[in-house]
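*Asks:* For reference, the file target07.cif (mmCIF, C-alpha atoms and all ligand atoms) is included below:
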```cif
data_model
#
loop_
_atom_site.label_atom_id
_atom_site.label_comp_id
_atom_site.auth_asym_id
_atom_site.auth_seq_id
_atom_site.Cartn_x
_atom_site.Cartn_y
_atom_site.Cartn_z
CA MET A 231 28.63 -9.99 -18.14
CA ASP A 232 32.13 -8.52 -18.42
CA LYS A 233 30.61 -5.09 -18.64
CA LEU A 234 28.79 -5.71 -15.38
CA ARG A 235 31.92 -7.07 -13.70
CA ASN A 236 33.93 -4.08 -14.83
CA TYR A 237 31.30 -1.68 -13.65
CA VAL A 238 31.27 -3.23 -10.17
CA LYS A 239 35.06 -3.38 -10.18
CA GLU A 240 35.23 0.33 -10.89
CA LEU A 241 32.78 1.12 -8.13
CA LEU A 242 34.85 -0.89 -5.66
CA GLU A 243 38.25 0.33 -6.77
CA SER A 244 37.27 3.97 -6.85
CA GLY A 245 36.02 3.59 -3.30
CA GLU A 246 32.54 4.67 -4.29
CA ILE A 247 31.29 1.56 -2.55
CA THR A 248 33.00 -0.48 0.14
CA GLY A 249 31.25 -3.71 -0.64
CA PHE A 250 29.10 -5.22 -3.32
CA LEU A 251 26.42 -7.76 -2.57
CA GLY A 252 25.98 -10.11 -5.49
CA LEU A 253 25.78 -13.80 -6.21
CA ILE A 254 28.54 -16.29 -6.95
CA ASP A 255 28.35 -19.76 -8.35
CA ASP A 256 29.21 -22.31 -5.70
CA GLY A 257 29.24 -25.70 -7.38
CA GLY A 258 26.13 -25.00 -9.38
CA HIS A 259 24.37 -23.15 -6.55
CA PRO A 260 24.31 -19.39 -6.67
CA ILE A 261 24.92 -18.04 -3.18
CA PRO A 262 25.19 -14.46 -1.93
CA HIS A 263 28.64 -12.96 -1.65
CA LEU A 264 29.96 -9.64 -0.43
CA PHE A 265 32.64 -8.53 -2.88
CA THR A 266 35.38 -6.16 -1.69
CA LYS A 267 38.33 -4.31 -3.14
CA GLU A 268 40.69 -6.62 -1.25
CA HIS A 269 39.46 -9.68 -3.10
CA ILE A 270 38.62 -8.10 -6.41
CA ASP A 271 39.38 -11.28 -8.39
CA ARG A 272 36.36 -12.91 -6.84
CA LEU A 273 34.34 -10.81 -9.32
CA ASN A 274 35.18 -13.43 -11.96
CA ASP A 275 32.71 -15.67 -10.15
CA LEU A 276 29.92 -13.10 -10.16
CA VAL A 277 26.82 -14.58 -11.74
CA VAL A 278 23.33 -13.44 -12.66
CA PRO A 279 21.32 -16.64 -12.43
CA ASP A 280 17.92 -17.27 -13.96
CA PHE A 281 16.13 -17.12 -10.68
CA ARG A 282 15.77 -14.79 -7.77
CA TYR A 283 17.38 -14.56 -4.41
CA PRO A 284 16.07 -12.42 -1.51
CA MET A 285 18.91 -9.91 -1.88
CA THR A 286 17.51 -7.18 0.33
CA ASP A 287 17.15 -9.57 3.25
CA ILE A 288 20.89 -10.16 3.17
CA LEU A 289 21.50 -6.49 2.54
CA LEU A 290 19.69 -5.57 5.76
CA LYS A 291 22.01 -7.81 7.73
CA ILE A 292 25.06 -6.19 6.14
CA VAL A 293 23.74 -2.70 6.69
CA ARG A 294 23.13 -3.44 10.36
CA LYS A 295 26.71 -4.57 10.72
CA TYR A 296 28.29 -1.75 8.69
CA PRO A 297 25.87 1.16 9.09
CA GLU A 298 28.34 3.78 7.83
CA SER A 299 29.51 2.04 4.66
CA THR A 300 28.22 2.50 1.16
CA ILE A 301 27.13 -0.84 -0.19
CA GLY A 302 26.35 -1.82 -3.74
CA VAL A 303 23.76 -4.47 -4.36
CA MET A 304 22.52 -6.37 -7.36
CA VAL A 305 18.81 -5.72 -7.76
CA ARG A 306 16.07 -6.92 -10.04
CA GLY A 307 12.79 -5.05 -10.37
CA CYS A 308 11.36 -6.64 -7.24
CA ASP A 309 14.50 -6.03 -5.17
CA ASP A 310 14.49 -2.43 -6.29
CA ARG A 311 10.87 -2.00 -5.15
CA ALA A 312 11.96 -3.53 -1.85
CA LEU A 313 14.77 -0.94 -1.57
CA ILE A 314 12.23 1.84 -2.02
CA GLU A 315 10.08 0.47 0.80
CA LEU A 316 13.03 -0.22 3.06
CA ALA A 317 14.18 3.37 2.67
CA LYS A 318 10.65 4.61 3.31
CA ASN A 319 10.53 2.58 6.49
CA GLN A 320 13.94 3.82 7.59
CA LYS A 321 15.60 0.43 7.40
CA ILE A 322 18.24 1.65 4.96
CA MET A 323 19.55 5.04 3.91
CA SER A 324 19.25 5.48 0.16
CA ASP A 325 22.45 7.55 0.02
CA LEU A 326 24.41 4.62 1.34
CA ILE A 327 23.02 2.06 -1.06
CA ARG A 328 24.12 1.77 -4.65
CA PRO A 329 21.69 -0.43 -6.61
CA VAL A 330 23.19 -2.21 -9.59
CA GLY A 331 20.21 -3.06 -11.74
CA VAL A 332 19.47 -6.24 -13.62
CA ALA A 333 16.53 -6.44 -16.03
CA CYS A 334 14.77 -9.79 -16.07
CA SER A 335 14.30 -11.82 -19.23
CA LYS A 336 10.89 -12.25 -20.84
CA GLU A 337 10.78 -15.83 -19.61
CA MET A 338 11.43 -14.80 -16.04
CA ALA A 339 8.96 -11.94 -16.19
CA GLU A 340 6.32 -14.32 -17.42
CA SER A 341 6.98 -17.07 -14.95
CA CYS A 342 6.94 -14.49 -12.11
CA ARG A 343 3.86 -12.77 -13.57
CA CYS A 344 5.82 -9.63 -12.78
CA SER A 345 4.26 -6.27 -13.56
CA GLN A 346 7.61 -4.49 -13.56
CA PRO A 347 10.50 -6.83 -14.30
CA TYR A 348 13.13 -4.12 -14.29
CA PRO A 349 14.71 -1.77 -11.74
CA ARG A 350 14.89 2.02 -11.92
CA GLU A 351 18.33 1.89 -13.48
CA ILE A 352 19.47 -1.00 -15.65
CA HIS A 353 23.10 -2.11 -15.79
CA TYR A 354 22.59 -5.57 -17.16
CA GLY A 355 20.02 -7.18 -19.45
CA GLU A 356 17.33 -5.75 -21.70
CA LYS A 357 14.16 -4.25 -20.36
CA VAL A 358 11.00 -6.19 -21.25
CA GLU A 359 7.43 -5.11 -20.64
CA GLY A 360 5.67 -6.25 -17.49
CA VAL A 361 2.91 -8.80 -17.35
CA GLN A 362 -0.55 -7.63 -16.36
CA ASP A 363 -2.28 -10.73 -15.13
CA ARG A 364 -4.90 -10.93 -12.43
CA SER A 365 -6.22 -14.34 -13.39
CA ASP A 366 -5.37 -15.69 -9.93
CA LEU A 367 -7.66 -13.08 -8.36
CA GLU A 368 -10.35 -13.64 -10.97
CA GLU A 369 -10.36 -17.32 -10.22
CA VAL A 370 -11.20 -16.65 -6.58
CA GLU A 371 -13.65 -13.90 -7.44
CA SER A 372 -15.57 -16.23 -9.70
CA MET A 373 -16.57 -18.31 -6.66
CA ASP A 374 -19.43 -17.39 -4.35
CA LEU A 375 -18.68 -16.53 -0.73
CA SER A 376 -19.02 -20.01 0.68
CA GLY A 377 -17.00 -21.43 -2.20
CA ARG A 378 -14.24 -18.96 -1.45
CA LEU A 379 -14.19 -19.78 2.23
CA ASP A 380 -14.05 -23.52 1.55
CA TYR A 381 -11.26 -22.92 -0.89
CA TRP A 382 -9.17 -20.77 1.44
CA MET A 383 -9.78 -22.84 4.56
CA GLY A 384 -8.70 -25.88 2.56
CA GLN A 385 -5.56 -24.06 1.51
CA PHE A 386 -4.78 -22.64 4.94
CA SER A 387 -5.26 -26.01 6.64
CA LYS A 388 -2.23 -27.29 4.71
CA CYS A 389 0.02 -24.80 6.54
CA ILE A 390 2.81 -26.37 8.58
CA LYS A 391 3.66 -23.04 10.22
CA CYS A 392 7.25 -23.06 9.05
CA TYR A 393 7.22 -19.24 8.81
CA GLY A 394 8.94 -19.58 5.45
CA CYS A 395 6.60 -16.99 3.93
CA ARG A 396 7.57 -14.47 6.56
CA ASN A 397 11.25 -15.32 6.66
CA ILE A 398 11.83 -14.91 2.96
CA CYS A 399 9.81 -11.71 2.69
CA SER A 400 11.86 -8.58 2.18
CA MET A 401 9.05 -6.58 3.74
CA CYS A 402 8.97 -8.60 6.96
CA PHE A 403 11.44 -6.54 8.92
CA CYS A 404 9.55 -5.97 12.18
CA ASP A 405 11.48 -6.68 15.37
CA GLN A 406 8.54 -8.53 16.84
CA CYS A 407 6.20 -10.57 14.73
CA THR A 408 2.48 -10.63 15.40
CA LEU A 409 2.33 -14.16 14.08
CA GLU A 410 4.20 -15.22 17.21
CA ASP A 411 2.10 -13.18 19.60
CA GLU A 412 0.15 -15.77 21.55
CA THR A 413 -2.49 -13.29 22.60
CA LEU A 414 -3.46 -13.02 18.93
CA VAL A 415 -2.69 -16.40 17.42
CA MET A 416 -2.69 -19.57 19.49
CA THR A 417 0.78 -21.06 19.59
CA GLY A 418 1.86 -24.69 19.69
CA GLN A 419 -0.31 -26.16 16.98
CA THR A 420 -0.22 -26.98 13.29
CA PRO A 421 -1.96 -25.95 11.26
CA PRO A 422 -1.98 -22.66 13.11
CA GLU A 423 -5.27 -21.00 14.00
CA ILE A 424 -6.89 -20.33 10.63
CA PRO A 425 -7.80 -18.14 8.92
CA ILE A 426 -6.37 -15.59 11.38
CA PHE A 427 -2.74 -16.66 10.93
CA HIS A 428 -2.84 -16.00 7.20
CA LEU A 429 -5.13 -12.99 7.41
CA ILE A 430 -2.91 -11.17 9.89
CA ARG A 431 -0.07 -11.51 7.45
CA ALA A 432 -2.32 -10.58 4.53
CA PHE A 433 -3.57 -7.40 6.14
CA HIS A 434 -0.10 -6.45 7.24
CA MET A 435 1.02 -6.69 3.62
CA ALA A 436 -1.40 -3.94 2.58
CA GLY A 437 0.94 -1.06 1.81
CA ARG A 438 3.93 -3.34 2.28
CA CYS A 439 3.95 -6.17 -0.27
CA ILE A 440 5.97 -5.38 -3.36
CA ASP A 441 4.61 -8.46 -5.16
CA CYS A 442 7.82 -10.40 -5.65
CA GLY A 443 6.10 -13.74 -5.15
CA LEU A 444 8.96 -15.24 -3.16
CA CYS A 445 6.62 -16.24 -0.32
CA GLU A 446 4.50 -18.39 -2.58
CA GLU A 447 7.62 -19.92 -4.11
CA ALA A 448 8.94 -20.71 -0.64
CA CYS A 449 5.75 -22.16 0.82
CA PRO A 450 6.26 -25.94 1.14
CA ALA A 451 2.49 -26.41 1.36
CA HIS A 452 1.89 -24.64 -1.98
CA ILE A 453 -0.63 -22.21 -0.53
CA PRO A 454 -1.44 -19.49 -3.10
CA LEU A 455 -0.35 -16.79 -0.66
CA ARG A 456 0.55 -14.27 -3.28
CA SER A 457 -3.08 -13.85 -4.38
CA LEU A 458 -3.97 -12.67 -0.88
CA TYR A 459 -1.30 -10.02 -0.93
CA ARG A 460 -2.03 -9.07 -4.51
CA LYS A 461 -5.60 -8.51 -3.44
CA VAL A 462 -4.72 -6.03 -0.72
CA ARG A 463 -2.15 -4.45 -2.98
CA GLU A 464 -4.83 -3.89 -5.58
CA ASP A 465 -7.20 -2.49 -2.93
CA MET A 466 -4.59 -0.01 -1.79
CA ALA A 467 -4.29 1.21 -5.37
CA ASN A 468 -8.03 1.27 -6.07
CA TYR A 469 -9.25 2.84 -2.86
CA LEU A 470 -6.31 4.92 -1.76
CA GLY A 471 -4.36 5.48 -4.96
CA TYR A 472 -1.25 4.05 -3.37
CA VAL A 473 1.18 1.70 -5.08
CA THR A 474 3.77 0.07 -2.86
CA GLY A 475 7.36 0.17 -4.07
CA LYS A 476 6.87 3.08 -6.43
CA ASP A 477 8.03 6.20 -4.71
CA GLU A 478 10.23 6.47 -1.67
CA TYR A 479 8.67 9.76 -0.62
CA GLU A 480 5.04 8.71 -0.85
CA LYS A 481 3.83 7.57 2.56
CA ASP A 482 1.72 4.53 3.28
CA PRO A 483 -1.84 5.88 3.72
CA LEU A 484 -2.60 3.26 6.35
CA GLU A 485 0.11 4.74 8.52
CA PHE A 486 0.26 8.38 7.54
CA LEU A 487 -2.49 10.71 6.48
CA GLY A 488 -0.18 12.95 4.51
CA SER A 489 -0.06 16.69 4.43
CA GLU A 490 -3.04 17.23 2.14
CA GLY A 491 -5.38 17.36 5.08
CA TYR A 492 -7.31 14.55 6.54
CA GLU A 493 -10.06 13.95 4.02
CA VAL A 494 -11.04 10.41 3.40
CA PRO A 495 -11.08 9.92 -0.37
CA SER A 496 -14.72 9.90 -1.45
CA LYS A 497 -14.23 6.54 -3.07
CA ILE A 498 -13.79 4.98 0.34
CA ASP A 499 -17.11 6.06 1.73
CA GLU A 500 -18.97 4.09 -0.87
CA THR A 501 -17.92 0.75 0.55
CA MET B 169 -34.21 -22.61 8.00
CA SER B 170 -36.30 -19.67 9.15
CA ASP B 171 -36.58 -21.35 12.56
CA VAL B 172 -32.83 -21.48 12.84
CA LYS B 173 -32.55 -17.81 11.98
CA GLU B 174 -35.21 -16.81 14.47
CA SER B 175 -33.52 -18.64 17.30
CA PHE B 176 -30.12 -17.34 16.27
CA GLU B 177 -28.72 -14.71 18.60
CA PRO B 178 -25.79 -12.95 17.01
CA LYS B 179 -22.65 -12.22 18.98
CA ILE B 180 -21.41 -8.77 18.15
CA ILE B 181 -18.23 -7.08 19.27
CA ALA B 182 -18.39 -3.29 19.24
CA PHE B 183 -15.11 -1.46 19.62
CA CYS B 184 -15.74 2.02 21.00
CA CYS B 185 -13.39 4.91 21.54
CA ASN B 186 -13.25 6.33 25.02
CA TRP B 187 -14.12 9.89 24.09
CA CYS B 188 -17.10 9.72 21.78
CA SER B 189 -18.69 6.42 20.90
CA TYR B 190 -18.23 4.85 24.33
CA ALA B 191 -19.68 7.96 25.90
CA GLY B 192 -22.52 7.68 23.38
CA ALA B 193 -23.14 4.09 24.38
CA ASP B 194 -23.02 5.11 28.02
CA LEU B 195 -25.48 7.88 27.40
CA ALA B 196 -27.82 5.47 25.65
CA GLY B 197 -27.79 3.52 28.88
CA SER B 198 -28.47 6.54 31.09
CA MET B 199 -31.27 7.59 28.76
CA ARG B 200 -32.71 4.10 29.16
CA LEU B 201 -32.69 3.63 25.41
CA LYS B 202 -32.95 0.03 24.40
CA TYR B 203 -30.31 -1.65 22.32
CA PRO B 204 -29.76 -5.37 21.85
CA PRO B 205 -27.78 -7.24 24.52
CA ASN B 206 -26.03 -9.01 21.65
CA VAL B 207 -23.68 -6.06 21.34
CA LEU B 208 -20.64 -6.25 23.60
CA PRO B 209 -18.85 -2.91 23.76
CA ILE B 210 -15.09 -2.94 24.22
CA ARG B 211 -13.61 0.39 25.18
CA VAL B 212 -10.34 1.56 23.67
CA MET B 213 -8.83 5.03 23.85
CA CYS B 214 -9.31 5.85 20.16
CA SER B 215 -10.72 4.06 17.15
CA GLY B 216 -7.19 4.29 15.77
CA ARG B 217 -6.14 1.94 18.57
CA ILE B 218 -8.33 -0.79 17.08
CA SER B 219 -5.67 -2.83 15.43
CA PRO B 220 -6.93 -4.75 12.39
CA HIS B 221 -5.67 -7.77 14.30
CA PHE B 222 -8.34 -7.21 16.98
CA ILE B 223 -11.00 -7.37 14.28
CA LEU B 224 -9.57 -10.61 12.95
CA LYS B 225 -9.32 -12.03 16.44
CA ALA B 226 -12.98 -11.24 17.12
CA PHE B 227 -14.03 -13.11 13.98
CA GLN B 228 -11.64 -15.96 14.76
CA LYS B 229 -13.24 -16.36 18.18
CA GLY B 230 -16.69 -16.59 16.67
CA ALA B 231 -18.08 -13.07 16.50
CA ASP B 232 -20.88 -12.85 13.95
CA GLY B 233 -20.31 -9.16 13.42
CA VAL B 234 -17.79 -6.50 14.37
CA LEU B 235 -18.73 -2.87 14.79
CA VAL B 236 -15.94 -0.36 14.85
CA THR B 237 -16.96 3.01 16.20
CA GLY B 238 -15.31 6.30 16.98
CA CYS B 239 -15.74 10.05 16.96
CA HIS B 240 -17.08 11.90 13.92
CA TYR B 241 -14.50 13.17 11.45
CA GLY B 242 -12.78 16.18 12.89
CA ASP B 243 -13.69 15.19 16.45
CA CYS B 244 -11.11 12.48 17.13
CA HIS B 245 -9.29 13.42 20.33
CA TYR B 246 -6.07 12.26 18.74
CA ILE B 247 -6.92 14.28 15.64
CA LYS B 248 -6.77 11.63 12.94
CA GLY B 249 -7.35 8.21 14.44
CA ASN B 250 -10.74 7.78 12.81
CA TYR B 251 -9.49 8.60 9.30
CA ILE B 252 -6.97 5.78 9.61
CA THR B 253 -9.72 3.57 11.00
CA LYS B 254 -11.90 4.18 7.99
CA ARG B 255 -9.08 3.26 5.63
CA ARG B 256 -8.21 0.11 7.50
CA VAL B 257 -11.81 -1.05 7.70
CA THR B 258 -12.26 -0.50 3.97
CA ILE B 259 -9.30 -2.68 3.10
CA MET B 260 -10.26 -5.25 5.73
CA LYS B 261 -13.81 -5.54 4.39
CA ASP B 262 -12.48 -6.32 0.96
CA LEU B 263 -10.01 -8.86 2.29
CA LEU B 264 -12.78 -10.61 4.25
CA LYS B 265 -14.93 -10.73 1.15
CA PHE B 266 -12.06 -12.13 -0.86
CA ILE B 267 -11.67 -15.09 1.46
CA GLY B 268 -15.41 -15.68 1.68
CA ILE B 269 -16.69 -13.75 4.69
CA ASP B 270 -19.57 -11.38 3.98
CA SER B 271 -18.09 -7.89 4.26
CA ARG B 272 -21.31 -6.61 5.83
CA ARG B 273 -20.20 -8.38 9.00
CA LEU B 274 -17.74 -5.54 9.54
CA LYS B 275 -18.90 -1.99 9.83
CA ALA B 276 -17.43 1.34 10.85
CA ASP B 277 -19.61 4.16 12.14
CA TRP B 278 -19.23 7.39 14.07
CA VAL B 279 -21.14 8.28 17.23
CA ALA B 280 -20.66 11.42 19.28
CA GLY B 281 -20.75 11.44 23.07
CA SER B 282 -24.05 13.28 22.91
CA GLU B 283 -25.64 10.82 20.50
CA GLY B 284 -27.05 8.17 22.81
CA ASP B 285 -29.95 7.77 20.40
CA LYS B 286 -27.63 7.26 17.44
CA TRP B 287 -25.70 4.62 19.34
CA ALA B 288 -28.90 2.71 20.11
CA ARG B 289 -29.97 2.95 16.48
CA VAL B 290 -26.61 1.87 15.04
CA ALA B 291 -26.36 -1.05 17.48
CA THR B 292 -29.93 -2.17 16.77
CA GLU B 293 -29.68 -1.90 13.00
CA PHE B 294 -26.36 -3.70 12.89
CA THR B 295 -27.69 -6.50 15.09
CA GLU B 296 -30.67 -6.95 12.81
CA GLU B 297 -28.47 -6.96 9.74
CA ILE B 298 -26.25 -9.64 11.25
CA ARG B 299 -29.26 -11.63 12.41
CA ALA B 300 -30.45 -11.67 8.81
CA LEU B 301 -27.03 -12.82 7.60
CA GLY B 302 -27.06 -15.73 10.04
CA PRO B 303 -24.19 -17.17 12.06
CA SER B 304 -20.64 -16.46 10.96
CA PRO B 305 -19.18 -19.30 8.92
CA LEU B 306 -16.16 -19.17 11.24
CA ARG B 307 -18.23 -19.94 14.31
CA GLY B 308 -16.98 -23.20 15.78
S1 LIG C 1 5.12 -11.26 -2.55
FE1 LIG C 1 5.35 -12.32 -0.57
S2 LIG C 1 7.57 -12.29 -0.11
FE2 LIG C 1 7.20 -10.75 -1.74
S3 LIG C 1 6.86 -8.80 -0.61
FE3 LIG C 1 4.84 -9.71 -0.96
S4 LIG C 1 4.42 -10.89 0.92
FE4 LIG C 1 6.65 -10.47 0.89
S1 LIG C 2 5.35 -20.76 4.11
FE1 LIG C 2 3.37 -21.82 3.83
S2 LIG C 2 3.43 -23.53 5.31
FE2 LIG C 2 5.08 -22.10 5.91
S3 LIG C 2 4.05 -20.76 7.45
FE3 LIG C 2 3.86 -19.74 5.45
S4 LIG C 2 1.86 -20.41 4.70
FE4 LIG C 2 2.42 -21.83 6.34
S1 LIG C 3 -10.69 9.51 20.04
FE1 LIG C 3 -12.58 8.83 19.16
S2 LIG C 3 -11.89 8.14 17.23
FE2 LIG C 3 -10.04 8.90 18.04
#
```
Reformat the file's structure so that it appears as structure tokens.
*Replies:*
Amino acid sequence: MDKLRNYVKELLESGEITGFLGLIDDGGHPIPHLFTKEHIDRLNDLVVPDFRYPMTDILLKIVRKYPESTIGVMVRGCDDRALIELAKNQKIMSDLIRPVGVACSKEMAESCRCSQPYPREIHYGEKVEGVQDRSDLEEVESMDLSGRLDYWMGQFSKCIKCYGCRNICSMCFCDQCTLEDETLVMTGQTPPEIPIFHLIRAFHMAGRCIDCGLCEEACPAHIPLRSLYRKVREDMANYLGYVTGKDEYEKDPLEFLGSEGYEVPSKIDET
Amino acid sequence: MSDVKESFEPKIIAFCCNWCSYAGADLAGSMRLKYPPNVLPIRVMCSGRISPHFILKAFQKGADGVLVTGCHYGDCHYIKGNYITKRRVTIMKDLLKFIGIDSRRLKADWVAGSEGDKWARVATEFTEEIRALGPSPLRG
């Protein structure tokens, strides 16, 4: 931990970064904090808790306020994938962001079912292998069509339309949200119109979702949202060879055709 | 059961791009080719304008099938709209299947402005396929 503190301290004192977004312990509750050179002692309170916080969401707010500054940020594997997508979508400039990487423990990786529980560069913790687990998808796939629909409609009908899934999502950065567009989804009712409410979000997450699982953790109705997004994530990989959160310079094939010409991969035509 | 299916008239939304498939549908009309009245064409400028949300909305409002049509590859008047369309429809079909809606209820096809006969054929075949599948489980 001291090594991490010293590393951040050096970054701040050398002026390499103007601020560092990390977490501090506030009476047993880790909360986000922007560390600066002026209050360097605050670094003694820097913590790396055993759970996640939507760091990039806070980062976006900081970047909007201080667009010219170089900001350091504590990132886990999922946050780092989010950074890649945010840069790709021109929400941040990579040159102005300094990720300080934390590798997740085996326990965390397992409880998150995380396929890549480490960032590109690790400054804290030991790298452990990712978990490859699609049992949640297999469970749905084992049902027949009408069983699946019953299952999902039952799940969706629990929705209280709190928008928690959207609000916590690091990939939900649109200025206007389709979920609030009354020409598409009826407003003023709970549960919202289903399945469209959840399917709009699901489709939108194709090429977006970095599979952090925060939405499912946040959902007060315990809807297995992550499986929906994992499904489209898997489809993007299988049909279009595209993995979200991997490479900043690889474009989302649902938005860009790329420079290789306009062929539709032959795999697609089979479906 | 078979009685129900025989009396079932599917509701089908067909999104057509202004330049090719809508012209094809129009031509089918001028040629007096028959295609089922179940198919309701909605004209948009390009198949790439067909937001996946429109497809979802059609199903939400009780469409039994959705047909997404545009120009043939290479003919899109905005160059690449139909390639994007094909990708979107592929992912959407799989998502529908995953939540329990038969993916055959969504189909993408290409019809040129000169292909009135193809339009009539595609519309007829799709209607028959949907008729065989029965009403959408989302129909209220
Ligand atoms: S897992 Fe949920 S919160 Fe995380 S990126 Fe995907 S949709 Fe957003
Ligand atoms: S977090 Fe859960 S309850 Fe809230 S809007 Fe999303 S799906 Fe509905
Ligand atoms: S103009 Fe017809 S598909 Fe784009």
*Asks:* As AutoDock Vina command-line options, please report the centre and edge lengths, rounded to one decimal in Å, of the axis-aligned box that holds all listed atoms of ligand LIG 2 (chain C) with 4 Å of padding on each of the six sides.
*Replies:*
```
--center_x 3.6 --center_y -21.6 --center_z 5.6 --size_x 11.5 --size_y 11.8 --size_z 11.6
```
*Asks:* Might you pull out every residue within 8 Å of stretch 245-262 of chain A, with all atoms listed in the file counted and same-chain residues fewer than 2 positions away left off, and present them as a PyMOL selection string?
*Replies:* chain A and resi 238+241-243+264-267+275-279+285+288-289+299-304+328
*Asks:* Restricting the calculation to only C-alpha atoms, which member of B:Phe294, B:Tyr190, B:Phe266, B:Phe183 is positioned closest to B:Gly281?
*Replies:* B:Tyr190
*Asks:* Please identify every polymer residue within 9 Å of ligand LIG 2 (chain C), using only C-alpha atoms and all ligand atoms, and present the set as a PDB file with C-alpha atoms, in the frame of the given file.
*Replies:*
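out-v4.pdb written:
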```pdb
ATOM      1  CA  GLN A 385      -5.560 -24.060   1.510  1.00  0.00           C
ATOM      2  CA  PHE A 386      -4.780 -22.640   4.940  1.00  0.00           C
ATOM      3  CA  SER A 387      -5.260 -26.010   6.640  1.00  0.00           C
ATOM      4  CA  LYS A 388      -2.230 -27.290   4.710  1.00  0.00           C
ATOM      5  CA  CYS A 389       0.020 -24.800   6.540  1.00  0.00           C
ATOM      6  CA  ILE A 390       2.810 -26.370   8.580  1.00  0.00           C
ATOM      7  CA  LYS A 391       3.660 -23.040  10.220  1.00  0.00           C
ATOM      8  CA  CYS A 392       7.250 -23.060   9.050  1.00  0.00           C
ATOM      9  CA  TYR A 393       7.220 -19.240   8.810  1.00  0.00           C
ATOM     10  CA  GLY A 394       8.940 -19.580   5.450  1.00  0.00           C
ATOM     11  CA  CYS A 395       6.600 -16.990   3.930  1.00  0.00           C
ATOM     12  CA  ARG A 396       7.570 -14.470   6.560  1.00  0.00           C
ATOM     13  CA  ASN A 397      11.250 -15.320   6.660  1.00  0.00           C
ATOM     14  CA  ILE A 398      11.830 -14.910   2.960  1.00  0.00           C
ATOM     15  CA  PRO A 421      -1.960 -25.950  11.260  1.00  0.00           C
ATOM     16  CA  PRO A 422      -1.980 -22.660  13.110  1.00  0.00           C
ATOM     17  CA  PHE A 427      -2.740 -16.660  10.930  1.00  0.00           C
ATOM     18  CA  HIS A 428      -2.840 -16.000   7.200  1.00  0.00           C
ATOM     19  CA  CYS A 445       6.620 -16.240  -0.320  1.00  0.00           C
ATOM     20  CA  GLU A 446       4.500 -18.390  -2.580  1.00  0.00           C
ATOM     21  CA  GLU A 447       7.620 -19.920  -4.110  1.00  0.00           C
ATOM     22  CA  ALA A 448       8.940 -20.710  -0.640  1.00  0.00           C
ATOM     23  CA  CYS A 449       5.750 -22.160   0.820  1.00  0.00           C
ATOM     24  CA  PRO A 450       6.260 -25.940   1.140  1.00  0.00           C
ATOM     25  CA  ALA A 451       2.490 -26.410   1.360  1.00  0.00           C
ATOM     26  CA  HIS A 452       1.890 -24.640  -1.980  1.00  0.00           C
ATOM     27  CA  ILE A 453      -0.630 -22.210  -0.530  1.00  0.00           C
ATOM     28  CA  PRO A 454      -1.440 -19.490  -3.100  1.00  0.00           C
ATOM     29  CA  LEU A 455      -0.350 -16.790  -0.660  1.00  0.00           C
TER      30      LEU A 455
END
```
*Asks:* With distances taken over only C-alpha atoms, which of A:Ser345, A:Ala436, A:Tyr354, A:Ser457 is nearest to A:Asp482?
*Replies:*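 With only C-alpha atoms as the atom set, the closest residue is A:Ala436.
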*Asks:* Could you tell me how far atom CA of A:Ile430 lies from atom CA of A:Ser400, in Å and to one decimal?
*Replies:* 16.9 Å
*Asks:* Kindly assemble as CSV a list of the chain A residues that lie within 8 Å of ligand LIG 1 (chain C), each paired with its nearest atom pair and their distance in Å to one decimal, using only C-alpha atoms and all ligand atoms, sorted first by chain and then by ascending residue number.
*Replies:*
```
residue,atom,partner,partner_atom,distance
A:Ala312,CA,C:LIG1,S3,7.4
A:Cys395,CA,C:LIG1,S2,6.3
A:Arg396,CA,C:LIG1,FE4,7.0
A:Ile398,CA,C:LIG1,S2,5.9
A:Cys399,CA,C:LIG1,S2,3.6
A:Ser400,CA,C:LIG1,FE4,5.7
A:Met401,CA,C:LIG1,S3,5.4
A:Cys402,CA,C:LIG1,FE4,6.8
A:Arg431,CA,C:LIG1,S4,7.9
A:Ala432,CA,C:LIG1,S4,7.7
A:Met435,CA,C:LIG1,S4,6.0
A:Arg438,CA,C:LIG1,S3,6.8
A:Cys439,CA,C:LIG1,FE3,3.7
A:Ile440,CA,C:LIG1,S3,4.5
A:Asp441,CA,C:LIG1,S1,3.9
A:Cys442,CA,C:LIG1,FE2,4.0
A:Gly443,CA,C:LIG1,S1,3.7
A:Leu444,CA,C:LIG1,S2,4.5
A:Cys445,CA,C:LIG1,S2,4.1
A:Glu446,CA,C:LIG1,FE1,6.5
A:Leu455,CA,C:LIG1,FE1,7.2
A:Arg456,CA,C:LIG1,S1,5.5
A:Tyr459,CA,C:LIG1,S4,6.1
A:Arg460,CA,C:LIG1,S1,7.7
```
*Asks:* Please determine the contact residues of chain A with respect to chain B at a cut-off of 9 Å, counting only C-alpha atoms, and supply them as a PyMOL selection string.
*Replies:* chain A and resi 367+370-371+373-383+408+414-415+423-426+429-430+432-434+436+458+461-462+465-466+469-470+483-487+492-494+498-499+501
*Asks:* Around ligand LIG 3 (chain C), which protein and nucleic acid residues have at least one atom no more than 6 Å from it, if we count only C-alpha atoms and all ligand atoms? List them as an NGL selection string.
*Replies:* :B and (185 or 187-188 or 214-216 or 238-239 or 244-246 or 249-250)
*Asks:* Distance cut-off 12 Å, centre (-20.0, 7.1, 28.5) in file coordinates, counting only C-alpha atoms: which residues qualify? Return them as a PyMOL selection string.
*Replies:* chain B and resi 184-199+209-211+279-284+287
*Asks:* Between A:Arg272, A:His353, A:Arg235, A:Arg463, which one has atoms that come closest to A:Pro329, using all atoms listed in the file?
*Replies:*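 Using all atoms listed in the file, the shortest distance to A:Pro329 belongs to A:His353.
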